[in-house]
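> My structure is below; once you've seen it, I'll send some questions.
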Amino acid sequence: MSVQTPPGLPSVLSIKAISQILPHRYPFLLVDRIIHLNLEDNTIIGLKNVTTNEPFFQGHFPGAPIMPGVLVLEAMAQTFGILVHQKGYNEKIALLMTVNNAKFRKPVVPGDTLLLHATGLHISSKGGKVQAKAMVNDQVVAEAEIGFALADMEQFNS
């Protein structure tokens with residue numbers, strides 16, 4: 001069974017394109033595709049299909065699997081990292097610096113599709129802040145304000 005892109009939100013970036021942008025790899029690449037990207041409004045929506053064979057489910061409440069909240073936050077941060085790259089900071093990597101006002105409202109379980117919404121509050125060559133939320137079935141499951149710094153990508157390629 002395939003997950004349908006919500007109406008009006010065509011697929012913008014595939015997993016192949018995302019893999020060329022983010023340095024993360026399995027099991028830490030947590031965005032499957034981008035379904036909305038608006039560089040003028042600094043908004044992006046990513047999608048993560050949560051499957052039962054995710055490696056973290058083996059140890060995070062076996063028998064009652066729940067996606068760790070810190071990984072939901074990471075998925076939101078990775079989604080915004082893609083927007084930062086698309087805004088022209090493609091020689092930089094966004095590093096998570098702060099998480100403020102994080103709230104976890106509902107558990108994320110196998111079979112859920114996370115929609116990862118992020119809006120840039122401030123973006124500069126040094127870093128910025130983003131307001132992010134994760135949704136399942138039109139319900140907010142997590143939200144936070146995330147601060148990030150931008151570092152030269154070449155620092156991490158040695």
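We name chains A, B, ... following the order of the structure tokens; residues begin at 1 in each chain, and ligands are numbered from 1 as shown.
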List as a list in words the protein and nucleic acid residues near Val72 of chain A, meaning an atom at most 8 Å away when only C-alpha atoms are counted, but skip any in the same chain fewer than 5 places from it.
Met67, Ala134 and Ala142 of chain A
> Output all heavy atoms for every residue in the selection just made, as a PDB file, in the first residue's frame.

ATOM      1  N   MET A  67       7.897   5.605  18.557  1.00  0.00           N
ATOM      2  CA  MET A  67       9.065   6.303  18.011  1.00  0.00           C
ATOM      3  C   MET A  67       9.601   7.256  19.080  1.00  0.00           C
ATOM      4  O   MET A  67       8.841   8.051  19.639  1.00  0.00           O
ATOM      5  CB  MET A  67       8.683   7.071  16.748  1.00  0.00           C
ATOM      6  CG  MET A  67       9.848   7.729  16.051  1.00  0.00           C
ATOM      7  SD  MET A  67       9.315   8.460  14.486  1.00  0.00           S
ATOM      8  CE  MET A  67      10.880   9.097  13.884  1.00  0.00           C
ATOM      9  N   ALA A 134       5.314  18.242  13.999  1.00  0.00           N
ATOM     10  CA  ALA A 134       5.097  16.958  13.341  1.00  0.00           C
ATOM     11  C   ALA A 134       3.636  16.599  13.512  1.00  0.00           C
ATOM     12  O   ALA A 134       3.078  16.751  14.613  1.00  0.00           O
ATOM     13  CB  ALA A 134       5.991  15.885  13.958  1.00  0.00           C
ATOM     14  N   ALA A 142       3.987  16.507  17.857  1.00  0.00           N
ATOM     15  CA  ALA A 142       5.157  17.129  18.490  1.00  0.00           C
ATOM     16  C   ALA A 142       5.359  18.506  17.882  1.00  0.00           C
ATOM     17  O   ALA A 142       4.995  18.750  16.725  1.00  0.00           O
ATOM     18  CB  ALA A 142       6.405  16.282  18.295  1.00  0.00           C
TER      19      ALA A 142
END
> Each residue of segment 39-93 of chain A with at least one atom at most 10 Å from segment 105-123 of chain A should appear once, together with its nearest atom pair and the corresponding distance in Å (one decimal); atoms considered: only C-alpha atoms; ordering: chain, then increasing residue number; output as JSON lines.

{"residue": "A:Leu39", "atom": "CA", "partner": "A:Gly120", "partner_atom": "CA", "distance": 9.7}
{"residue": "A:Asp41", "atom": "CA", "partner": "A:Thr119", "partner_atom": "CA", "distance": 7.7}
{"residue": "A:Asn42", "atom": "CA", "partner": "A:Gly120", "partner_atom": "CA", "distance": 5.1}
{"residue": "A:Thr43", "atom": "CA", "partner": "A:Thr119", "partner_atom": "CA", "distance": 4.5}
{"residue": "A:Ile44", "atom": "CA", "partner": "A:Ala118", "partner_atom": "CA", "distance": 5.5}
{"residue": "A:Ile45", "atom": "CA", "partner": "A:His117", "partner_atom": "CA", "distance": 4.5}
{"residue": "A:Gly46", "atom": "CA", "partner": "A:Leu116", "partner_atom": "CA", "distance": 4.8}
{"residue": "A:Leu47", "atom": "CA", "partner": "A:Leu115", "partner_atom": "CA", "distance": 4.8}
{"residue": "A:Lys48", "atom": "CA", "partner": "A:Leu114", "partner_atom": "CA", "distance": 5.0}
{"residue": "A:Asn49", "atom": "CA", "partner": "A:Thr113", "partner_atom": "CA", "distance": 4.6}
{"residue": "A:Val50", "atom": "CA", "partner": "A:Pro110", "partner_atom": "CA", "distance": 5.2}
{"residue": "A:Thr51", "atom": "CA", "partner": "A:Pro110", "partner_atom": "CA", "distance": 4.8}
{"residue": "A:Thr52", "atom": "CA", "partner": "A:Pro110", "partner_atom": "CA", "distance": 4.8}
{"residue": "A:Asn53", "atom": "CA", "partner": "A:Pro110", "partner_atom": "CA", "distance": 8.3}
{"residue": "A:Glu54", "atom": "CA", "partner": "A:Pro110", "partner_atom": "CA", "distance": 8.4}
{"residue": "A:Phe57", "atom": "CA", "partner": "A:Pro110", "partner_atom": "CA", "distance": 8.6}
{"residue": "A:Ala64", "atom": "CA", "partner": "A:Val109", "partner_atom": "CA", "distance": 8.5}
{"residue": "A:Pro65", "atom": "CA", "partner": "A:Val109", "partner_atom": "CA", "distance": 6.2}
{"residue": "A:Ile66", "atom": "CA", "partner": "A:Val109", "partner_atom": "CA", "distance": 4.9}
{"residue": "A:Met67", "atom": "CA", "partner": "A:Val108", "partner_atom": "CA", "distance": 5.3}
{"residue": "A:Pro68", "atom": "CA", "partner": "A:Val108", "partner_atom": "CA", "distance": 8.1}
{"residue": "A:Gly69", "atom": "CA", "partner": "A:Pro107", "partner_atom": "CA", "distance": 8.3}
{"residue": "A:Val72", "atom": "CA", "partner": "A:Val108", "partner_atom": "CA", "distance": 8.4}
{"residue": "A:Leu73", "atom": "CA", "partner": "A:Leu116", "partner_atom": "CA", "distance": 9.5}
{"residue": "A:Ala75", "atom": "CA", "partner": "A:Leu116", "partner_atom": "CA", "distance": 7.3}
{"residue": "A:Met76", "atom": "CA", "partner": "A:Leu116", "partner_atom": "CA", "distance": 5.6}
{"residue": "A:Ala77", "atom": "CA", "partner": "A:Ala118", "partner_atom": "CA", "distance": 8.3}
{"residue": "A:Gln78", "atom": "CA", "partner": "A:Leu116", "partner_atom": "CA", "distance": 9.4}
{"residue": "A:Thr79", "atom": "CA", "partner": "A:Leu116", "partner_atom": "CA", "distance": 6.8}
{"residue": "A:Phe80", "atom": "CA", "partner": "A:Ala118", "partner_atom": "CA", "distance": 6.0}
{"residue": "A:Gly81", "atom": "CA", "partner": "A:Ala118", "partner_atom": "CA", "distance": 9.8}
{"residue": "A:Leu83", "atom": "CA", "partner": "A:Gly120", "partner_atom": "CA", "distance": 8.7}
{"residue": "A:Val84", "atom": "CA", "partner": "A:Ile123", "partner_atom": "CA", "distance": 7.7}
{"residue": "A:Lys87", "atom": "CA", "partner": "A:Ile123", "partner_atom": "CA", "distance": 9.2}
> Using the chain letters and numbers from this document, which residues of chain A does DSSP assign to helix (DSSP H, G or I), as a ChimeraX atom specification?
/A:15-21,55-58,69-86,153-156
> Include N, CA and C atoms and write out the residues we just selected as a compact mmCIF listing (two decimals), in the first residue's frame.

# COMPACT_ATOMS: atom_id res chain seq x y z
N ILE A 15 13.59 10.81 -2.18
CA ILE A 15 14.63 10.33 -1.26
C ILE A 15 16.01 10.41 -1.91
N LYS A 16 16.06 10.19 -3.21
CA LYS A 16 17.35 10.29 -3.90
C LYS A 16 17.91 11.71 -3.83
N ALA A 17 17.05 12.69 -4.07
CA ALA A 17 17.48 14.10 -3.98
C ALA A 17 17.84 14.47 -2.54
N ILE A 18 17.06 13.99 -1.58
CA ILE A 18 17.33 14.27 -0.17
C ILE A 18 18.68 13.70 0.24
N SER A 19 19.00 12.51 -0.25
CA SER A 19 20.30 11.87 0.06
C SER A 19 21.47 12.65 -0.50
N GLN A 20 21.23 13.43 -1.53
CA GLN A 20 22.30 14.27 -2.09
C GLN A 20 22.45 15.58 -1.31
N ILE A 21 21.45 15.92 -0.51
CA ILE A 21 21.48 17.16 0.27
C ILE A 21 21.98 16.91 1.69
N PRO A 55 14.89 0.32 13.16
CA PRO A 55 15.76 -0.32 14.16
C PRO A 55 15.49 0.10 15.60
N PHE A 56 15.02 1.31 15.83
CA PHE A 56 14.79 1.77 17.21
C PHE A 56 13.62 1.06 17.87
N PHE A 57 12.71 0.47 17.10
CA PHE A 57 11.57 -0.23 17.70
C PHE A 57 11.98 -1.52 18.40
N GLN A 58 13.15 -2.05 18.07
CA GLN A 58 13.61 -3.27 18.74
C GLN A 58 13.81 -3.06 20.24
N GLY A 69 10.85 10.37 20.98
CA GLY A 69 10.58 11.78 20.73
C GLY A 69 11.78 12.51 20.16
N VAL A 70 12.98 12.16 20.60
CA VAL A 70 14.18 12.82 20.11
C VAL A 70 14.35 12.56 18.60
N LEU A 71 13.88 11.42 18.11
CA LEU A 71 13.97 11.15 16.67
C LEU A 71 12.91 11.91 15.89
N VAL A 72 11.77 12.17 16.51
CA VAL A 72 10.76 13.03 15.87
C VAL A 72 11.35 14.44 15.73
N LEU A 73 12.00 14.92 16.80
CA LEU A 73 12.68 16.23 16.73
C LEU A 73 13.75 16.24 15.64
N GLU A 74 14.53 15.18 15.57
CA GLU A 74 15.58 15.08 14.55
C GLU A 74 14.98 15.11 13.15
N ALA A 75 13.86 14.43 12.95
CA ALA A 75 13.21 14.44 11.64
C ALA A 75 12.75 15.85 11.26
N MET A 76 12.23 16.60 12.25
CA MET A 76 11.84 17.99 11.98
C MET A 76 13.06 18.83 11.63
N ALA A 77 14.16 18.63 12.36
CA ALA A 77 15.39 19.38 12.10
C ALA A 77 15.96 19.04 10.73
N GLN A 78 15.96 17.76 10.35
CA GLN A 78 16.47 17.38 9.03
C GLN A 78 15.63 18.01 7.93
N THR A 79 14.33 18.06 8.12
CA THR A 79 13.45 18.68 7.13
C THR A 79 13.85 20.13 6.92
N PHE A 80 14.08 20.84 8.01
CA PHE A 80 14.48 22.24 7.86
C PHE A 80 15.87 22.37 7.28
N GLY A 81 16.75 21.42 7.57
CA GLY A 81 18.09 21.42 6.97
C GLY A 81 18.02 21.40 5.45
N ILE A 82 17.02 20.72 4.92
CA ILE A 82 16.83 20.68 3.46
C ILE A 82 16.45 22.06 2.95
N LEU A 83 15.57 22.76 3.67
CA LEU A 83 15.19 24.11 3.26
C LEU A 83 16.39 25.04 3.29
N VAL A 84 17.19 24.95 4.33
CA VAL A 84 18.39 25.79 4.43
C VAL A 84 19.29 25.56 3.22
N HIS A 85 19.49 24.30 2.85
CA HIS A 85 20.29 23.96 1.67
C HIS A 85 19.68 24.59 0.41
N GLN A 86 18.38 24.45 0.25
CA GLN A 86 17.71 24.97 -0.95
C GLN A 86 17.73 26.49 -1.01
N MET A 153 30.67 22.67 5.44
CA MET A 153 30.58 21.23 5.21
C MET A 153 31.96 20.59 5.13
N GLU A 154 32.95 21.32 4.60
CA GLU A 154 34.30 20.75 4.43
C GLU A 154 34.94 20.36 5.76
N GLN A 155 34.50 20.95 6.88
CA GLN A 155 35.01 20.58 8.19
C GLN A 155 34.73 19.10 8.50
N PHE A 156 33.67 18.57 7.93
CA PHE A 156 33.22 17.23 8.26
C PHE A 156 33.62 16.21 7.21
> Step one, run DSSP on the backbone; step two, keep only residues of segment 79-116 of chain A assigned to strand (DSSP E); then write them as a compact mmCIF listing (two decimals) with N, CA and C atoms, in the first residue's frame.

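out-v7.txt was written with the following content:
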# COMPACT_ATOMS: atom_id res chain seq x y z
N LYS A 92 27.19 24.40 3.37
CA LYS A 92 27.11 24.42 4.83
C LYS A 92 26.23 23.27 5.32
N ILE A 93 26.39 22.95 6.59
CA ILE A 93 25.54 21.96 7.24
C ILE A 93 24.91 22.62 8.45
N ALA A 94 23.61 22.38 8.62
CA ALA A 94 22.90 22.93 9.77
C ALA A 94 23.10 22.00 10.97
N LEU A 95 23.62 22.55 12.05
CA LEU A 95 23.86 21.78 13.28
C LEU A 95 22.86 22.23 14.34
N LEU A 96 22.18 21.29 14.95
CA LEU A 96 21.20 21.58 15.98
C LEU A 96 21.90 22.20 17.18
N MET A 97 21.38 23.33 17.64
CA MET A 97 21.99 24.03 18.77
C MET A 97 21.06 24.11 19.98
N THR A 98 19.79 24.43 19.73
CA THR A 98 18.84 24.56 20.84
C THR A 98 17.50 23.95 20.46
N VAL A 99 16.79 23.51 21.49
CA VAL A 99 15.41 23.06 21.34
C VAL A 99 14.62 23.73 22.47
N ASN A 100 13.67 24.57 22.10
CA ASN A 100 12.87 25.29 23.08
C ASN A 100 11.40 24.95 22.93
N ASN A 101 10.72 24.95 24.06
CA ASN A 101 9.27 24.75 24.09
C ASN A 101 8.83 23.47 23.38
N ALA A 102 9.61 22.42 23.51
CA ALA A 102 9.25 21.14 22.89
C ALA A 102 8.07 20.54 23.64
N LYS A 103 7.12 20.06 22.86
CA LYS A 103 5.95 19.38 23.43
C LYS A 103 5.69 18.13 22.61
N PHE A 104 5.45 17.04 23.30
CA PHE A 104 5.10 15.78 22.66
C PHE A 104 3.66 15.49 23.04
N THR A 113 2.23 8.03 9.31
CA THR A 113 2.94 8.88 8.36
C THR A 113 3.10 10.24 9.02
N LEU A 114 4.33 10.61 9.27
CA LEU A 114 4.63 11.91 9.87
C LEU A 114 4.71 12.97 8.77
N LEU A 115 3.97 14.05 8.94
CA LEU A 115 4.16 15.23 8.10
C LEU A 115 4.94 16.21 8.94
N LEU A 116 6.09 16.61 8.45
CA LEU A 116 7.06 17.41 9.19
C LEU A 116 7.04 18.84 8.65
> Could you tell me how far atom CA of Ser14 of chain A sits from atom CA of Gly88 of chain A, in Å to one decimal place?
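That distance, rounded to one decimal, is 18.7 Å.
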> Could you work out how far atom CA of Val140 of chain A lies from atom CA of Asp32 of chain A, giving the answer in Å with one decimal?
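Going from atom CA of Asp32 of chain A over to atom CA of Val140 of chain A, I get 19.0 Å.
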